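Just below is one structure, and these are the notes that go with it.
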Amino acid sequence: MRLALMVGFGGLVLAAVATVLVLGLWSARENTVSLTRKLADAGLNDVQAAIERRLQPAETAVEHLGRRMERGEIKAADTADLSQALSSALAGMPQVGALLFLDAQGQGLQAVREKDTVTVTEEKFGHAAVIADEIRLSQSQKGVHWGKVLRPPGVPFSLLTVRRPVRLDGEFIGVLVASVSISQLSTLLAETSLAIDGEVFVLYDQRFILAHRRLVKGFKGASPEKPLPTVEEFGDPVLMAYLHPELGPEYGGRMSRDMGIQIVGTADGEAYPLIARRLNWFGEVPWEIGVYFRNDDVAAEFERVMWASIAGLVALLLALLLAWVLANHISRPLKELDRAARRIKDLSLQDAPTLPPSRIREMNDAGQAFNAMVTTLRWFETYVPRSLVRRLMHQGEGDFGRSVQRDVTVMFTDIVGFTPTSEQMSAEETAALLNDHFAEVGACIDAQGGTIDKYIGDAVMAFWGAPEEQSDHAVRACRAALAIRAAVEASNKVKAKTGKPPLHLRIGLHSGPVIVGNIGAPQRVNYTMVGDSVNISHRLEELGRGLPDPNSAVTIIISRATQDAASVREAEDLGPQQIRGRREALKVYRL
């Protein structure tokens, strides 16, 4: 360390000699970086604005029509009234290709733009499995949402669709759909005036081409099973090299990263500056908009500054080589340690890097200690929910260890007949079954902000309303239970195809006061809850043995307290039921 400081002071003397050269190179570099970055941002902003102008009217249309139908201003049962509303709305939106209203059976009206006219026809899509699946998916949604790209049977082009479920008095009556063809989107991007000249593209799910100049006339090889071309079959060498950089030479470096531009090397050795940006606004599948440049203005500026920098470095290489090597050895481990520590601060253990060895003994010791700490935390994370730890950290040290009374909703789940089933399976098969099941259940609970308290054999205990207060804890718990049902039923369909027995599940939900906090011995505590509400939830799950759901493999029994708090419309009143451990009968419901 002392030697490094001495060399550092010597480097300051040499740096004074090179001040003029360094300032000149720095100024040229910063000017190039600033200009290129502004042009890159302007180009992406132009593309993004063009997409929003094209697609936002579709969102506005289905939202406006949906509200009017729910207020009774447009009657879905009146074909003439609905036809007039769809055609009028479509006539005022040149960005949208078609508007549809389909009921739960896939039947309804479709307004289609044909040049300057709008044609309304009656359609029956109930026979198309892809349409039926999308209607069921929309039925579970709330508000406007974008679906996946589709190529409906009988339709000659692939479509982007935005949907809105329509409900009267809380009952689903159908879904409004506005569609934009990918050829329309490609035409829009081809006509967009950019701040820099280049080829515009939109990637879908990082595998498919959603919009490109060559898709203006559509995708000839499209089918309901493959509505979009993959990057590999599309034949654009730049996009191929962008997704598969190993196919071409490596270009760029630190300067290109500062510019916010990636230099893509194609298989034939050509270099293309490319900028891209993720969009997550149009459905669950991510978009990536981008532009790559057909001229070499940016590459020329980049190369000019690069060669100037090399010339300056060569002039000072002999004088500064030793100082640079030592400084690099000192600063690199410190920067890596800093970046890794920032990730650990947020408990991002999966992304935490492994620090490499260092020739500096102190830094090497610190790095090895840090790696050991990360390994320990990863094991700790296996047994303690990361989300729970984050919430407790957010509350602060003042609340740690303090137990409080809180109104919560408790869930118990249990696999029906697990013991006899497991006796016919090997230990590995039993563990795999439980791990897959717990992964499905845990994902549904996490999605609704719940906390898994513990696994008890094949059972799961979870709760909502602690450590953070959740005024809608009962609603979240019911949503999670319904999501678990959907996941189990979907998994059972897969099991049926492979000849495996289906899984049956019981779920009990109860809302009420409990004592919640860190409970246990000083050497080991568990954030959990105790109280009669926990016992009632467990008894409700047991009650499901005698009240199985005839329509589902998952029986969900909830107490009156949970039903009063959540107001679930589809809950079936089972009346007062006697549960184990209580003298008085308890009124229960079945979801």
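For the structure tokens, the naming scheme is as follows: chains receive sequential letters (A, B, ...) according to their order of presentation, residues are indexed from 1 within each chain, and ligands are indexed from 1 in presentation order.
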
Residues within 8 Å of A:Phe282, only C-alpha atoms, excluding chain neighbours under 6 positions, as a list in words: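 My list of contacting residues is His145, Trp146 and Gly147 of chain A.
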
Write out, as a PDB file, in the first residue's frame, the residues just selected, with N, CA and C atoms.
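Result file is again-v2.pdb:
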ATOM      1  N   HIS A 145     -56.072  -4.061 -20.697  1.00  0.00           N
ATOM      2  CA  HIS A 145     -54.817  -4.805 -20.681  1.00  0.00           C
ATOM      3  C   HIS A 145     -54.506  -5.284 -22.091  1.00  0.00           C
ATOM      4  N   TRP A 146     -53.228  -5.406 -22.370  1.00  0.00           N
ATOM      5  CA  TRP A 146     -52.759  -5.877 -23.678  1.00  0.00           C
ATOM      6  C   TRP A 146     -52.537  -7.375 -23.618  1.00  0.00           C
ATOM      7  N   GLY A 147     -52.948  -8.055 -24.671  1.00  0.00           N
ATOM      8  CA  GLY A 147     -52.740  -9.491 -24.770  1.00  0.00           C
ATOM      9  C   GLY A 147     -51.539  -9.818 -25.634  1.00  0.00           C
TER      10      GLY A 147
END

Using only C-alpha atoms, what table do you get, as JSON lines, when you list each residue of stretch 115-183 of chain A with an atom no more than 9 Å from stretch 66-87 of chain A, its nearest pair of atoms, and their distance in Å rounded to one decimal, rows by chain then rising number?
{"residue": "A:Val118", "atom": "CA", "partner": "A:Ser87", "partner_atom": "CA", "distance": 6.2}
{"residue": "A:Thr119", "atom": "CA", "partner": "A:Ser87", "partner_atom": "CA", "distance": 7.4}
{"residue": "A:Val120", "atom": "CA", "partner": "A:Ser83", "partner_atom": "CA", "distance": 6.5}
{"residue": "A:Thr121", "atom": "CA", "partner": "A:Ser83", "partner_atom": "CA", "distance": 8.5}
{"residue": "A:Arg164", "atom": "CA", "partner": "A:Gly66", "partner_atom": "CA", "distance": 6.8}
{"residue": "A:Pro165", "atom": "CA", "partner": "A:Gly66", "partner_atom": "CA", "distance": 7.5}
{"residue": "A:Val166", "atom": "CA", "partner": "A:Gly66", "partner_atom": "CA", "distance": 5.8}
{"residue": "A:Arg167", "atom": "CA", "partner": "A:Glu70", "partner_atom": "CA", "distance": 6.2}
{"residue": "A:Leu168", "atom": "CA", "partner": "A:Glu70", "partner_atom": "CA", "distance": 5.6}
{"residue": "A:Asp169", "atom": "CA", "partner": "A:Glu70", "partner_atom": "CA", "distance": 8.2}
{"residue": "A:Ile173", "atom": "CA", "partner": "A:Ala76", "partner_atom": "CA", "distance": 8.3}
{"residue": "A:Gly174", "atom": "CA", "partner": "A:Ala76", "partner_atom": "CA", "distance": 8.7}
{"residue": "A:Val175", "atom": "CA", "partner": "A:Gly66", "partner_atom": "CA", "distance": 8.4}
{"residue": "A:Leu176", "atom": "CA", "partner": "A:Gly66", "partner_atom": "CA", "distance": 6.9}

Could the residues in this selection be written to a file with C-alpha atoms, as an mmCIF file, in the first residue's frame?
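Listing of result.cif after writing:
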data_model
loop_
_atom_site.group_PDB
_atom_site.id
_atom_site.type_symbol
_atom_site.label_atom_id
_atom_site.label_comp_id
_atom_site.auth_asym_id
_atom_site.auth_seq_id
_atom_site.Cartn_x
_atom_site.Cartn_y
_atom_site.Cartn_z
ATOM 1 C CA VAL A 118 -66.169 0.337 -41.826
ATOM 2 C CA THR A 119 -67.910 -3.023 -42.083
ATOM 3 C CA VAL A 120 -69.692 -4.674 -39.140
ATOM 4 C CA THR A 121 -70.219 -8.438 -39.147
ATOM 5 C CA ARG A 164 -61.256 -4.669 -21.579
ATOM 6 C CA PRO A 165 -63.689 -6.961 -19.776
ATOM 7 C CA VAL A 166 -67.253 -5.628 -19.526
ATOM 8 C CA ARG A 167 -69.321 -6.378 -16.455
ATOM 9 C CA LEU A 168 -72.920 -5.541 -15.618
ATOM 10 C CA ASP A 169 -73.715 -5.603 -11.911
ATOM 11 C CA ILE A 173 -70.874 -10.284 -20.136
ATOM 12 C CA GLY A 174 -68.057 -10.079 -22.638
ATOM 13 C CA VAL A 175 -64.829 -8.413 -23.685
ATOM 14 C CA LEU A 176 -64.102 -5.427 -25.917
#

Straight-line distance linking atom CA of A:Arg113 with atom CA of A:Ala61, stated in Å to one decimal: 14.7 Å

Nearest to A:Glu52, chosen from A:Ala241, A:Leu159, A:Leu215, A:Leu279, with only C-alpha atoms counted in the distances: A:Leu279

So that I can see what lies close to A:His127, please list as a PDB file with N, CA and C atoms, in the first residue's frame the residues with an atom at most 12 Å from it, counting only C-alpha atoms and leaving out residues fewer than 2 positions away in the same chain.
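Result written to around_1.pdb:
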ATOM      1  N   GLN A 105     -68.866 -16.886 -24.821  1.00  0.00           N
ATOM      2  CA  GLN A 105     -68.819 -18.011 -25.744  1.00  0.00           C
ATOM      3  C   GLN A 105     -68.082 -17.688 -27.041  1.00  0.00           C
ATOM      4  N   GLY A 106     -67.514 -16.495 -27.144  1.00  0.00           N
ATOM      5  CA  GLY A 106     -66.762 -16.118 -28.335  1.00  0.00           C
ATOM      6  C   GLY A 106     -67.638 -15.624 -29.478  1.00  0.00           C
ATOM      7  N   GLN A 107     -68.876 -15.238 -29.201  1.00  0.00           N
ATOM      8  CA  GLN A 107     -69.772 -14.743 -30.230  1.00  0.00           C
ATOM      9  C   GLN A 107     -69.986 -13.245 -30.033  1.00  0.00           C
ATOM     10  N   GLU A 123     -69.672 -12.462 -35.697  1.00  0.00           N
ATOM     11  CA  GLU A 123     -68.589 -13.442 -35.690  1.00  0.00           C
ATOM     12  C   GLU A 123     -68.816 -14.483 -34.594  1.00  0.00           C
ATOM     13  N   LYS A 124     -68.323 -15.700 -34.856  1.00  0.00           N
ATOM     14  CA  LYS A 124     -68.358 -16.773 -33.864  1.00  0.00           C
ATOM     15  C   LYS A 124     -66.956 -17.392 -33.788  1.00  0.00           C
ATOM     16  N   PHE A 125     -66.247 -17.026 -32.737  1.00  0.00           N
ATOM     17  CA  PHE A 125     -64.888 -17.525 -32.556  1.00  0.00           C
ATOM     18  C   PHE A 125     -64.806 -18.585 -31.465  1.00  0.00           C
ATOM     19  N   ALA A 129     -59.631 -22.365 -30.126  1.00  0.00           N
ATOM     20  CA  ALA A 129     -59.130 -22.532 -28.754  1.00  0.00           C
ATOM     21  C   ALA A 129     -58.343 -21.314 -28.290  1.00  0.00           C
ATOM     22  N   VAL A 130     -57.559 -20.699 -29.207  1.00  0.00           N
ATOM     23  CA  VAL A 130     -56.739 -19.558 -28.801  1.00  0.00           C
ATOM     24  C   VAL A 130     -57.621 -18.374 -28.402  1.00  0.00           C
ATOM     25  N   ILE A 131     -58.758 -18.192 -29.106  1.00  0.00           N
ATOM     26  CA  ILE A 131     -59.666 -17.099 -28.756  1.00  0.00           C
ATOM     27  C   ILE A 131     -60.363 -17.403 -27.441  1.00  0.00           C
ATOM     28  N   ALA A 132     -60.814 -18.653 -27.268  1.00  0.00           N
ATOM     29  CA  ALA A 132     -61.474 -19.024 -26.017  1.00  0.00           C
ATOM     30  C   ALA A 132     -60.546 -18.828 -24.824  1.00  0.00           C
ATOM     31  N   ASP A 133     -59.280 -19.182 -24.988  1.00  0.00           N
ATOM     32  CA  ASP A 133     -58.316 -19.002 -23.893  1.00  0.00           C
ATOM     33  C   ASP A 133     -58.131 -17.527 -23.562  1.00  0.00           C
ATOM     34  N   PRO A 152     -55.484 -14.958 -35.401  1.00  0.00           N
ATOM     35  CA  PRO A 152     -56.729 -15.711 -35.270  1.00  0.00           C
ATOM     36  C   PRO A 152     -57.006 -16.527 -36.526  1.00  0.00           C
ATOM     37  N   PRO A 153     -57.649 -17.685 -36.382  1.00  0.00           N
ATOM     38  CA  PRO A 153     -58.022 -18.486 -37.551  1.00  0.00           C
ATOM     39  C   PRO A 153     -58.910 -17.690 -38.499  1.00  0.00           C
ATOM     40  N   GLY A 154     -58.568 -17.740 -39.780  1.00  0.00           N
ATOM     41  CA  GLY A 154     -59.359 -17.036 -40.784  1.00  0.00           C
ATOM     42  C   GLY A 154     -58.977 -15.590 -40.981  1.00  0.00           C
TER      43      GLY A 154
END

Polymer residues at most 9 Å from A:Glu489, only C-alpha atoms, same-chain spacing of 5 or more positions, as a VMD selection string: chain A and resid 484 494 502 to 504 552 to 554

Next, write the just-selected residues to a file, as an mmCIF file, in the first residue's frame, keeping N, CA and C atoms as the atom set.
data_model
loop_
_atom_site.group_PDB
_atom_site.id
_atom_site.type_symbol
_atom_site.label_atom_id
_atom_site.label_comp_id
_atom_site.auth_asym_id
_atom_site.auth_seq_id
_atom_site.Cartn_x
_atom_site.Cartn_y
_atom_site.Cartn_z
ATOM 1 N N ILE A 484 -54.285 -20.224 -6.510
ATOM 2 C CA ILE A 484 -53.769 -21.559 -6.223
ATOM 3 C C ILE A 484 -54.646 -22.607 -6.899
ATOM 4 N N VAL A 494 -51.764 -31.187 -16.989
ATOM 5 C CA VAL A 494 -50.471 -31.701 -17.459
ATOM 6 C C VAL A 494 -50.235 -33.106 -16.926
ATOM 7 N N PRO A 502 -53.936 -36.899 -10.373
ATOM 8 C CA PRO A 502 -54.135 -35.475 -10.097
ATOM 9 C C PRO A 502 -53.933 -35.160 -8.612
ATOM 10 N N LEU A 503 -53.739 -33.889 -8.333
ATOM 11 C CA LEU A 503 -53.536 -33.414 -6.963
ATOM 12 C C LEU A 503 -54.821 -32.748 -6.481
ATOM 13 N N HIS A 504 -55.245 -33.086 -5.264
ATOM 14 C CA HIS A 504 -56.413 -32.460 -4.647
ATOM 15 C C HIS A 504 -55.932 -31.679 -3.423
ATOM 16 N N SER A 552 -64.321 -28.825 -8.468
ATOM 17 C CA SER A 552 -62.902 -28.472 -8.528
ATOM 18 C C SER A 552 -62.095 -29.438 -7.683
ATOM 19 N N ALA A 553 -60.817 -29.569 -8.046
ATOM 20 C CA ALA A 553 -59.901 -30.381 -7.255
ATOM 21 C C ALA A 553 -59.418 -29.645 -6.013
ATOM 22 N N VAL A 554 -59.743 -28.368 -5.903
ATOM 23 C CA VAL A 554 -59.315 -27.548 -4.769
ATOM 24 C C VAL A 554 -60.554 -27.064 -4.025
#

Close residues, A:Ile452 itself excluded, 9 Å, only C-alpha atoms, min 2 positions apart in chain, as a PyMOL selection string: chain A and resi 385+388+442+445-446+450+454-455+460-463

Take the residues from that selection and write them out as a CSV table (one decimal), in the first residue's frame, keeping N, CA and C atoms.
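Saved result, out-v7.csv, follows:
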chain,number,residue,atom,x,y,z
A,385,PRO,N,-37.8,-16.2,4.6
A,385,PRO,CA,-38.3,-15.5,3.4
A,385,PRO,C,-37.7,-14.1,3.2
A,388,LEU,N,-40.0,-11.1,3.8
A,388,LEU,CA,-40.3,-10.9,5.2
A,388,LEU,C,-39.1,-10.1,5.8
A,442,GLY,N,-46.4,-21.0,-3.3
A,442,GLY,CA,-45.7,-19.8,-2.9
A,442,GLY,C,-45.8,-18.6,-3.9
A,445,ILE,N,-49.1,-16.9,-3.4
A,445,ILE,CA,-49.1,-16.1,-2.1
A,445,ILE,C,-48.2,-14.9,-2.3
A,446,ASP,N,-47.1,-15.0,-2.8
A,446,ASP,CA,-46.2,-13.8,-3.0
A,446,ASP,C,-46.8,-12.8,-3.9
A,450,GLY,N,-48.6,-11.8,0.3
A,450,GLY,CA,-48.7,-12.6,1.5
A,450,GLY,C,-47.3,-13.1,2.0
A,454,LYS,N,-44.8,-21.0,7.5
A,454,LYS,CA,-44.0,-22.3,7.6
A,454,LYS,C,-44.6,-23.3,6.7
A,455,TYR,N,-43.8,-24.4,6.5
A,455,TYR,CA,-44.3,-25.6,5.8
A,455,TYR,C,-44.4,-26.7,6.9
A,460,VAL,N,-49.2,-25.8,4.1
A,460,VAL,CA,-48.6,-24.5,4.1
A,460,VAL,C,-49.4,-23.6,5.0
A,461,MET,N,-48.7,-22.8,5.8
A,461,MET,CA,-49.4,-21.7,6.6
A,461,MET,C,-48.9,-20.4,6.1
A,462,ALA,N,-49.8,-19.5,5.8
A,462,ALA,CA,-49.4,-18.2,5.3
A,462,ALA,C,-50.4,-17.1,5.9
A,463,PHE,N,-50.0,-15.9,5.8
A,463,PHE,CA,-50.9,-14.8,6.4
A,463,PHE,C,-50.7,-13.5,5.6

Filtered DSSP result for stretch 455-512 of chain A, state strand (DSSP E), as number ranges by chain: A: 455-456, 459-464, 505-512

For A:Leu35, the nearest of the candidates A:Ile261, A:Arg277, A:Ala480, A:Thr192, counting only C-alpha atoms: A:Ile261

Residue contacts of stretch 178-188 of chain A (10 Å, only C-alpha atoms) excluding same-chain residues fewer than 5 positions away, as a PyMOL selection string: chain A and resi 47+50-51+53-55+57-62+90+95-101+110-112+146+149-151+156-164+193+200-202+209-219+227-228

Atomic separation - atom CA of A:Ala431 relative to atom CA of A:Val488, Å: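 Rounded to one decimal, the two atoms are 17.2 Å apart.
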
Shell of 10 Å around A:Arg590, only C-alpha atoms, local chain residues under 6 positions omitted, as JSON, numbers by chain: {"A": [507, 508, 544, 547, 548, 549, 555, 556, 557, 558, 559, 563, 570, 571, 572, 573, 574]}

Deliver the residues from the most recent selection as a file, using N, CA and C atoms, as a short mmCIF file (atom, residue, chain, number, x, y, z; two decimals), in the first residue's frame.
data_model
loop_
_atom_site.label_atom_id
_atom_site.label_comp_id
_atom_site.auth_asym_id
_atom_site.auth_seq_id
_atom_site.Cartn_x
_atom_site.Cartn_y
_atom_site.Cartn_z
N ILE A 507 -58.12 -25.79 1.30
CA ILE A 507 -57.63 -24.49 1.76
C ILE A 507 -58.63 -23.93 2.76
N GLY A 508 -58.12 -23.43 3.87
CA GLY A 508 -58.95 -22.76 4.86
C GLY A 508 -58.50 -21.34 5.07
N GLY A 544 -62.92 -28.98 5.24
CA GLY A 544 -63.08 -29.27 3.82
C GLY A 544 -63.15 -30.74 3.50
N LEU A 547 -66.74 -31.32 3.20
CA LEU A 547 -67.45 -30.40 2.31
C LEU A 547 -66.65 -30.20 1.03
N PRO A 548 -66.29 -31.28 0.34
CA PRO A 548 -65.46 -31.11 -0.86
C PRO A 548 -66.19 -30.36 -1.96
N ASP A 549 -65.43 -29.63 -2.76
CA ASP A 549 -66.00 -28.90 -3.89
C ASP A 549 -66.26 -29.89 -5.02
N THR A 555 -60.67 -27.43 -2.77
CA THR A 555 -61.78 -27.01 -1.93
C THR A 555 -61.32 -25.83 -1.07
N ILE A 556 -62.03 -24.71 -1.17
CA ILE A 556 -61.66 -23.50 -0.43
C ILE A 556 -62.80 -23.18 0.53
N ILE A 557 -62.52 -23.26 1.83
CA ILE A 557 -63.51 -22.95 2.87
C ILE A 557 -63.06 -21.68 3.57
N ILE A 558 -63.96 -20.69 3.65
CA ILE A 558 -63.64 -19.42 4.32
C ILE A 558 -64.68 -19.15 5.40
N SER A 559 -64.27 -18.43 6.42
CA SER A 559 -65.17 -18.08 7.51
C SER A 559 -66.02 -16.89 7.15
N GLN A 563 -65.43 -13.63 4.61
CA GLN A 563 -66.41 -13.27 3.59
C GLN A 563 -66.92 -11.85 3.78
N GLU A 570 -68.78 -14.97 -5.58
CA GLU A 570 -68.98 -16.36 -5.95
C GLU A 570 -68.93 -17.31 -4.76
N ALA A 571 -68.91 -16.77 -3.53
CA ALA A 571 -68.86 -17.62 -2.36
C ALA A 571 -70.22 -18.30 -2.13
N GLU A 572 -70.19 -19.60 -1.82
CA GLU A 572 -71.40 -20.39 -1.58
C GLU A 572 -71.62 -20.52 -0.07
N ASP A 573 -72.78 -20.08 0.39
CA ASP A 573 -73.11 -20.11 1.82
C ASP A 573 -73.40 -21.55 2.23
N LEU A 574 -72.57 -22.11 3.11
CA LEU A 574 -72.75 -23.47 3.61
C LEU A 574 -73.45 -23.52 4.95
#

Given only C-alpha atoms as the counted atoms, nearest of A:Leu434, A:Leu505, A:Val404, A:Ala190 to A:Arg485: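 With only C-alpha atoms as the atom set, the closest residue is A:Leu505.
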
Counting only C-alpha atoms, the option among A:Gly248, A:Gly269, A:Pro513, A:Gly465 closest to A:Gln448: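 For A:Gln448, the nearest of the given residues is A:Gly465.
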
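With atom CA of A:Cys444 on one side and atom CA of A:Glu225 on the other, the separation reads 28.5 Å.
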
From A:Val231, A:Val475, A:Met425, A:Ala432, residue lying nearest A:Gly449 [only C-alpha atoms]: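 Closest to A:Gly449, using only C-alpha atoms: A:Val475.
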